[in-house]
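A.B. asks: Below is a structure I'd like to ask you about.
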Amino acid sequence: MSAWPRPTTADIALRAFAASPERLLVEAGQGMQDILSSQTGNVAANQAVRQTGEWLIDSDGETSNDRLLVLFLEEILYRCEVEGKWFVDGVVMLTPHSLRIQASWVDADLVEREVEIKAVTRHELCFEQLAGGQTLTSHWQEVPDFEGPGWYCDVVFDI
């Protein structure tokens, strides 16, 4: 996994890294799930029987990466709370009007949680590309520096 919880003045946040914008969405989703679950919950999620299917998120023509990130993370929260699907992994395809996710999930009732996320905020939201040789220096001891080429995001959650 390439996502790390990071300090914030309130609530909880993460920074994630990936080689592509599509994979960055998945890394951020997995990082959010890691924040939500307890250590026992992480083990249960990794040992449970996985199911797969396609999740379609209508983006209403929205093309900004940061907005697509919020839509994706909100979908993961919705699927968990309403449909009982705990997101484990996926492959994302961006289309002009939607996000198509070949998602892998487990039964959410099997995953013990420590934290409840109420919302994905736009506070300090960032979804950026780094050029080859460009370095993103971390301000937080818990989060490593990142050298491009690649993508990174910062997300703050309301808990």
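Ligands are numbered from 1 in the order shown, chains are lettered A, B, ... in the order of the structure tokens, and residues start at 1 in each chain.
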Run DSSP on the backbone and tell me which residues of range 68-158 of chain A come out as strand (DSSP E); list them as a PyMOL selection string.
C.D. replies: chain A and resi 85-95+98-107+119-120+126-130+135-136+146-147+150-158
A.B. asks: Let me see the file: selected residues, N, CA and C atoms, as a CSV table (one decimal), in the first residue's frame.
C.D. replies:
```
chain,number,residue,atom,x,y,z
A,85,LYS,N,-20.5,-3.5,1.6
A,85,LYS,CA,-19.3,-3.9,0.8
A,85,LYS,C,-18.1,-3.2,1.3
A,86,TRP,N,-17.1,-3.9,1.8
A,86,TRP,CA,-15.9,-3.3,2.3
A,86,TRP,C,-14.9,-3.3,1.2
A,87,PHE,N,-14.5,-2.2,0.6
A,87,PHE,CA,-13.6,-2.1,-0.5
A,87,PHE,C,-12.2,-2.6,-0.1
A,88,VAL,N,-11.7,-3.5,-1.0
A,88,VAL,CA,-10.4,-4.1,-0.7
A,88,VAL,C,-9.4,-3.6,-1.8
A,89,ASP,N,-9.8,-3.7,-3.1
A,89,ASP,CA,-8.9,-3.3,-4.2
A,89,ASP,C,-9.8,-3.0,-5.4
A,90,GLY,N,-9.1,-2.5,-6.4
A,90,GLY,CA,-9.9,-2.3,-7.7
A,90,GLY,C,-9.0,-1.8,-8.8
A,91,VAL,N,-9.6,-1.7,-10.0
A,91,VAL,CA,-9.0,-1.2,-11.1
A,91,VAL,C,-9.9,-0.1,-11.6
A,92,VAL,N,-9.4,1.1,-11.8
A,92,VAL,CA,-10.2,2.2,-12.2
A,92,VAL,C,-10.0,2.6,-13.7
A,93,MET,N,-11.1,2.9,-14.4
A,93,MET,CA,-11.0,3.4,-15.7
A,93,MET,C,-11.8,4.7,-15.7
A,94,LEU,N,-11.1,5.8,-16.2
A,94,LEU,CA,-11.7,7.1,-16.3
A,94,LEU,C,-12.3,7.2,-17.7
A,95,THR,N,-13.6,7.6,-17.7
A,95,THR,CA,-14.3,7.9,-19.0
A,95,THR,C,-14.7,9.3,-18.9
A,98,SER,N,-17.8,9.2,-16.4
A,98,SER,CA,-17.9,8.3,-15.3
A,98,SER,C,-16.6,7.7,-14.9
A,99,LEU,N,-16.6,7.1,-13.7
A,99,LEU,CA,-15.5,6.3,-13.2
A,99,LEU,C,-16.1,4.9,-13.2
A,100,ARG,N,-15.4,4.0,-13.9
A,100,ARG,CA,-15.7,2.6,-13.9
A,100,ARG,C,-14.7,1.9,-13.0
A,101,ILE,N,-15.1,1.2,-12.0
A,101,ILE,CA,-14.2,0.5,-11.1
A,101,ILE,C,-14.5,-1.0,-11.1
A,102,GLN,N,-13.5,-1.8,-11.5
A,102,GLN,CA,-13.7,-3.2,-11.3
A,102,GLN,C,-13.2,-3.5,-9.8
A,103,ALA,N,-14.2,-3.5,-8.9
A,103,ALA,CA,-14.0,-3.5,-7.5
A,103,ALA,C,-13.9,-4.9,-6.9
A,104,SER,N,-13.1,-5.0,-5.9
A,104,SER,CA,-13.0,-6.2,-5.1
A,104,SER,C,-13.4,-5.8,-3.6
A,105,TRP,N,-14.3,-6.6,-3.0
A,105,TRP,CA,-14.7,-6.2,-1.7
A,105,TRP,C,-15.0,-7.5,-0.9
A,106,VAL,N,-15.1,-7.3,0.4
A,106,VAL,CA,-15.5,-8.3,1.4
A,106,VAL,C,-16.8,-7.8,2.1
A,107,ASP,N,-17.4,-8.7,2.8
A,107,ASP,CA,-18.5,-8.4,3.7
A,107,ASP,C,-18.1,-7.4,4.8
A,119,ALA,N,-17.4,12.3,6.5
A,119,ALA,CA,-17.4,13.0,5.2
A,119,ALA,C,-15.9,13.1,4.6
A,120,VAL,N,-15.8,13.1,3.3
A,120,VAL,CA,-14.6,13.4,2.7
A,120,VAL,C,-14.6,14.9,2.4
A,126,CYS,N,-5.8,17.8,-2.4
A,126,CYS,CA,-4.8,17.9,-3.5
A,126,CYS,C,-4.7,16.6,-4.3
A,127,PHE,N,-4.5,16.7,-5.6
A,127,PHE,CA,-4.3,15.6,-6.5
A,127,PHE,C,-3.4,16.1,-7.6
A,128,GLU,N,-2.2,15.8,-7.5
A,128,GLU,CA,-1.2,16.4,-8.4
A,128,GLU,C,-0.2,15.4,-9.0
A,129,GLN,N,0.3,15.8,-10.1
A,129,GLN,CA,1.4,15.0,-10.8
A,129,GLN,C,2.7,15.6,-10.5
A,130,LEU,N,3.7,14.7,-10.3
A,130,LEU,CA,5.1,15.1,-10.2
A,130,LEU,C,5.9,14.6,-11.4
A,135,THR,N,10.8,16.2,-6.5
A,135,THR,CA,10.6,15.6,-5.2
A,135,THR,C,9.6,16.4,-4.4
A,136,LEU,N,8.7,15.6,-3.8
A,136,LEU,CA,7.7,16.2,-2.9
A,136,LEU,C,8.3,15.9,-1.5
A,146,PHE,N,8.5,11.8,-1.6
A,146,PHE,CA,8.2,11.1,-2.8
A,146,PHE,C,8.9,11.8,-4.0
A,147,GLU,N,9.5,10.9,-4.8
A,147,GLU,CA,10.2,11.5,-6.0
A,147,GLU,C,9.4,11.0,-7.3
A,150,GLY,N,5.2,10.5,-11.0
A,150,GLY,CA,4.1,9.9,-10.4
A,150,GLY,C,3.1,10.9,-9.9
A,151,TRP,N,2.2,10.4,-9.2
A,151,TRP,CA,1.0,11.2,-8.7
A,151,TRP,C,0.9,11.1,-7.2
A,152,TYR,N,0.4,12.1,-6.5
A,152,TYR,CA,0.1,12.1,-5.1
A,152,TYR,C,-1.2,12.8,-4.8
A,153,CYS,N,-1.8,12.5,-3.6
A,153,CYS,CA,-2.9,13.2,-3.2
A,153,CYS,C,-2.9,13.4,-1.7
A,154,ASP,N,-3.5,14.4,-1.2
A,154,ASP,CA,-3.8,14.7,0.2
A,154,ASP,C,-5.3,14.8,0.4
A,155,VAL,N,-5.8,14.1,1.4
A,155,VAL,CA,-7.2,14.1,1.7
A,155,VAL,C,-7.4,14.3,3.2
A,156,VAL,N,-8.4,15.1,3.6
A,156,VAL,CA,-8.7,15.3,5.0
A,156,VAL,C,-10.2,14.7,5.1
A,157,PHE,N,-10.4,13.9,6.2
A,157,PHE,CA,-11.7,13.3,6.4
A,157,PHE,C,-12.3,13.9,7.7
A,158,ASP,N,-13.6,14.1,7.7
A,158,ASP,CA,-14.3,14.6,8.9
A,158,ASP,C,-14.7,13.3,9.6
```
A.B. asks: Pick out the residues sitting within 10 Å of Phe72 in chain A, and hand them over as a list in words; count only C-alpha atoms, and ignore anything fewer than 4 positions along from it in its own chain.
C.D. replies: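 My list of contacting residues is Leu25, Val26, Ala28, Gly29, Trp55, Leu56, Ile57, Ser59, Asp66, Arg67, Leu68, Ile76, Leu77, Tyr78, Val92, Leu99, Arg100, Ile101 and Val120 of chain A.
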A.B. asks: Please produce a file of the residues just selected, as a PDB file, in the first residue's frame, where the atoms kept are N, CA and C atoms.
C.D. replies:
```pdb
ATOM      1  N   LEU A  25      -6.291   6.766  -7.139  1.00  0.00           N
ATOM      2  CA  LEU A  25      -7.635   6.657  -6.565  1.00  0.00           C
ATOM      3  C   LEU A  25      -7.736   5.405  -5.692  1.00  0.00           C
ATOM      4  N   VAL A  26      -7.250   4.289  -6.212  1.00  0.00           N
ATOM      5  CA  VAL A  26      -7.311   3.020  -5.478  1.00  0.00           C
ATOM      6  C   VAL A  26      -6.466   3.091  -4.208  1.00  0.00           C
ATOM      7  N   ALA A  28      -5.681   5.697  -2.452  1.00  0.00           N
ATOM      8  CA  ALA A  28      -6.371   6.561  -1.486  1.00  0.00           C
ATOM      9  C   ALA A  28      -7.547   5.812  -0.857  1.00  0.00           C
ATOM     10  N   GLY A  29      -8.278   5.046  -1.668  1.00  0.00           N
ATOM     11  CA  GLY A  29      -9.390   4.249  -1.141  1.00  0.00           C
ATOM     12  C   GLY A  29      -8.921   3.218  -0.138  1.00  0.00           C
ATOM     13  N   TRP A  55     -18.379  -1.196 -10.334  1.00  0.00           N
ATOM     14  CA  TRP A  55     -19.033  -0.055  -9.717  1.00  0.00           C
ATOM     15  C   TRP A  55     -18.927   1.090 -10.713  1.00  0.00           C
ATOM     16  N   LEU A  56     -20.025   1.762 -10.957  1.00  0.00           N
ATOM     17  CA  LEU A  56     -20.066   2.879 -11.892  1.00  0.00           C
ATOM     18  C   LEU A  56     -20.428   4.138 -11.129  1.00  0.00           C
ATOM     19  N   ILE A  57     -19.603   5.159 -11.261  1.00  0.00           N
ATOM     20  CA  ILE A  57     -19.853   6.434 -10.608  1.00  0.00           C
ATOM     21  C   ILE A  57     -20.045   7.481 -11.697  1.00  0.00           C
ATOM     22  N   SER A  59     -19.935  10.932 -13.114  1.00  0.00           N
ATOM     23  CA  SER A  59     -19.151  12.111 -12.748  1.00  0.00           C
ATOM     24  C   SER A  59     -19.775  13.399 -13.263  1.00  0.00           C
ATOM     25  N   ASP A  66      -9.246  16.191  -8.409  1.00  0.00           N
ATOM     26  CA  ASP A  66      -9.599  16.270  -6.994  1.00  0.00           C
ATOM     27  C   ASP A  66     -11.076  15.973  -6.768  1.00  0.00           C
ATOM     28  N   ARG A  67     -11.940  16.423  -7.661  1.00  0.00           N
ATOM     29  CA  ARG A  67     -13.373  16.123  -7.528  1.00  0.00           C
ATOM     30  C   ARG A  67     -13.645  14.641  -7.762  1.00  0.00           C
ATOM     31  N   LEU A  68     -12.951  14.033  -8.725  1.00  0.00           N
ATOM     32  CA  LEU A  68     -13.113  12.603  -8.962  1.00  0.00           C
ATOM     33  C   LEU A  68     -12.656  11.789  -7.752  1.00  0.00           C
ATOM     34  N   ILE A  76     -17.018   4.644  -1.945  1.00  0.00           N
ATOM     35  CA  ILE A  76     -16.547   3.566  -1.083  1.00  0.00           C
ATOM     36  C   ILE A  76     -17.266   3.614   0.263  1.00  0.00           C
ATOM     37  N   LEU A  77     -17.399   4.808   0.843  1.00  0.00           N
ATOM     38  CA  LEU A  77     -18.113   4.948   2.117  1.00  0.00           C
ATOM     39  C   LEU A  77     -19.574   4.529   1.981  1.00  0.00           C
ATOM     40  N   TYR A  78     -20.220   4.948   0.894  1.00  0.00           N
ATOM     41  CA  TYR A  78     -21.623   4.600   0.652  1.00  0.00           C
ATOM     42  C   TYR A  78     -21.794   3.085   0.518  1.00  0.00           C
ATOM     43  N   VAL A  92      -9.411   1.100 -11.842  1.00  0.00           N
ATOM     44  CA  VAL A  92     -10.249   2.237 -12.214  1.00  0.00           C
ATOM     45  C   VAL A  92     -10.020   2.590 -13.674  1.00  0.00           C
ATOM     46  N   LEU A  99     -16.622   7.140 -13.696  1.00  0.00           N
ATOM     47  CA  LEU A  99     -15.529   6.307 -13.216  1.00  0.00           C
ATOM     48  C   LEU A  99     -16.061   4.885 -13.239  1.00  0.00           C
ATOM     49  N   ARG A 100     -15.354   3.994 -13.881  1.00  0.00           N
ATOM     50  CA  ARG A 100     -15.703   2.580 -13.867  1.00  0.00           C
ATOM     51  C   ARG A 100     -14.666   1.873 -13.018  1.00  0.00           C
ATOM     52  N   ILE A 101     -15.142   1.165 -12.017  1.00  0.00           N
ATOM     53  CA  ILE A 101     -14.236   0.475 -11.106  1.00  0.00           C
ATOM     54  C   ILE A 101     -14.541  -1.008 -11.128  1.00  0.00           C
ATOM     55  N   VAL A 120     -15.822  13.115   3.326  1.00  0.00           N
ATOM     56  CA  VAL A 120     -14.570  13.419   2.653  1.00  0.00           C
ATOM     57  C   VAL A 120     -14.614  14.929   2.412  1.00  0.00           C
TER      58      VAL A 120
END
```
A.B. asks: Please report the interatomic distance between CA of Gln141 in chain A and CA of Glu112 in chain A in Å with one decimal.
C.D. replies: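 The value is 27.6 Å.
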A.B. asks: Check range 30-135 of chain A with DSSP on the backbone and list each residue it calls helix (DSSP H, G or I), as a PyMOL selection string.
C.D. replies: chain A and resi 30-36+39-47+65-83+108-110
A.B. asks: What gap, in Å, lies between CA of Gln134 in chain A and CA of Ala18 in chain A?
C.D. replies: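 Computed distance, CA of Gln134 in chain A to CA of Ala18 in chain A, equals 14.3 Å.
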A.B. asks: I'd like to know which of A:Gln30, A:Ala19, A:Arg79, A:Leu36 is closest to Ile159 in chain A, using only C-alpha atoms.
C.D. replies: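 Going through A:Gln30, A:Ala19, A:Arg79, A:Leu36 one by one, the smallest distance to Ile159 in chain A is for A:Leu36.
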A.B. asks: When distances are computed from only C-alpha atoms, which of A:Asp58, A:Gly84, A:Ile12, A:Arg50 shows the smallest separation from Leu71 in chain A?
C.D. replies: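 Counting only C-alpha atoms, the residue closest to Leu71 in chain A is A:Asp58.
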A.B. asks: Using Å and a single decimal, report how far CA of Ser37 in chain A sits from CA of Glu114 in chain A.
C.D. replies: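 Going from CA of Glu114 in chain A over to CA of Ser37 in chain A covers 5.5 Å.
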A.B. asks: Which is closest to Pro144 in chain A among A:Cys80, A:Val49, A:Ile117, A:Leu14, if we use only C-alpha atoms?
C.D. replies: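 Under the stated criterion, the closest residue is A:Leu14.
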A.B. asks: Using only C-alpha atoms, can you tell me which of A:Glu62, A:Leu24, A:Gln33, A:Gly148 comes closest to Ala45 in chain A?
C.D. replies: A:Gln33
A.B. asks: Rank A:Gly61, A:Pro96, A:Val82, A:Leu110 by their smallest atom-to-atom distance to Ala48 in chain A, using only C-alpha atoms, and report the top residue only.
C.D. replies: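 Using only C-alpha atoms, Ala48 in chain A sits closest to A:Leu110.
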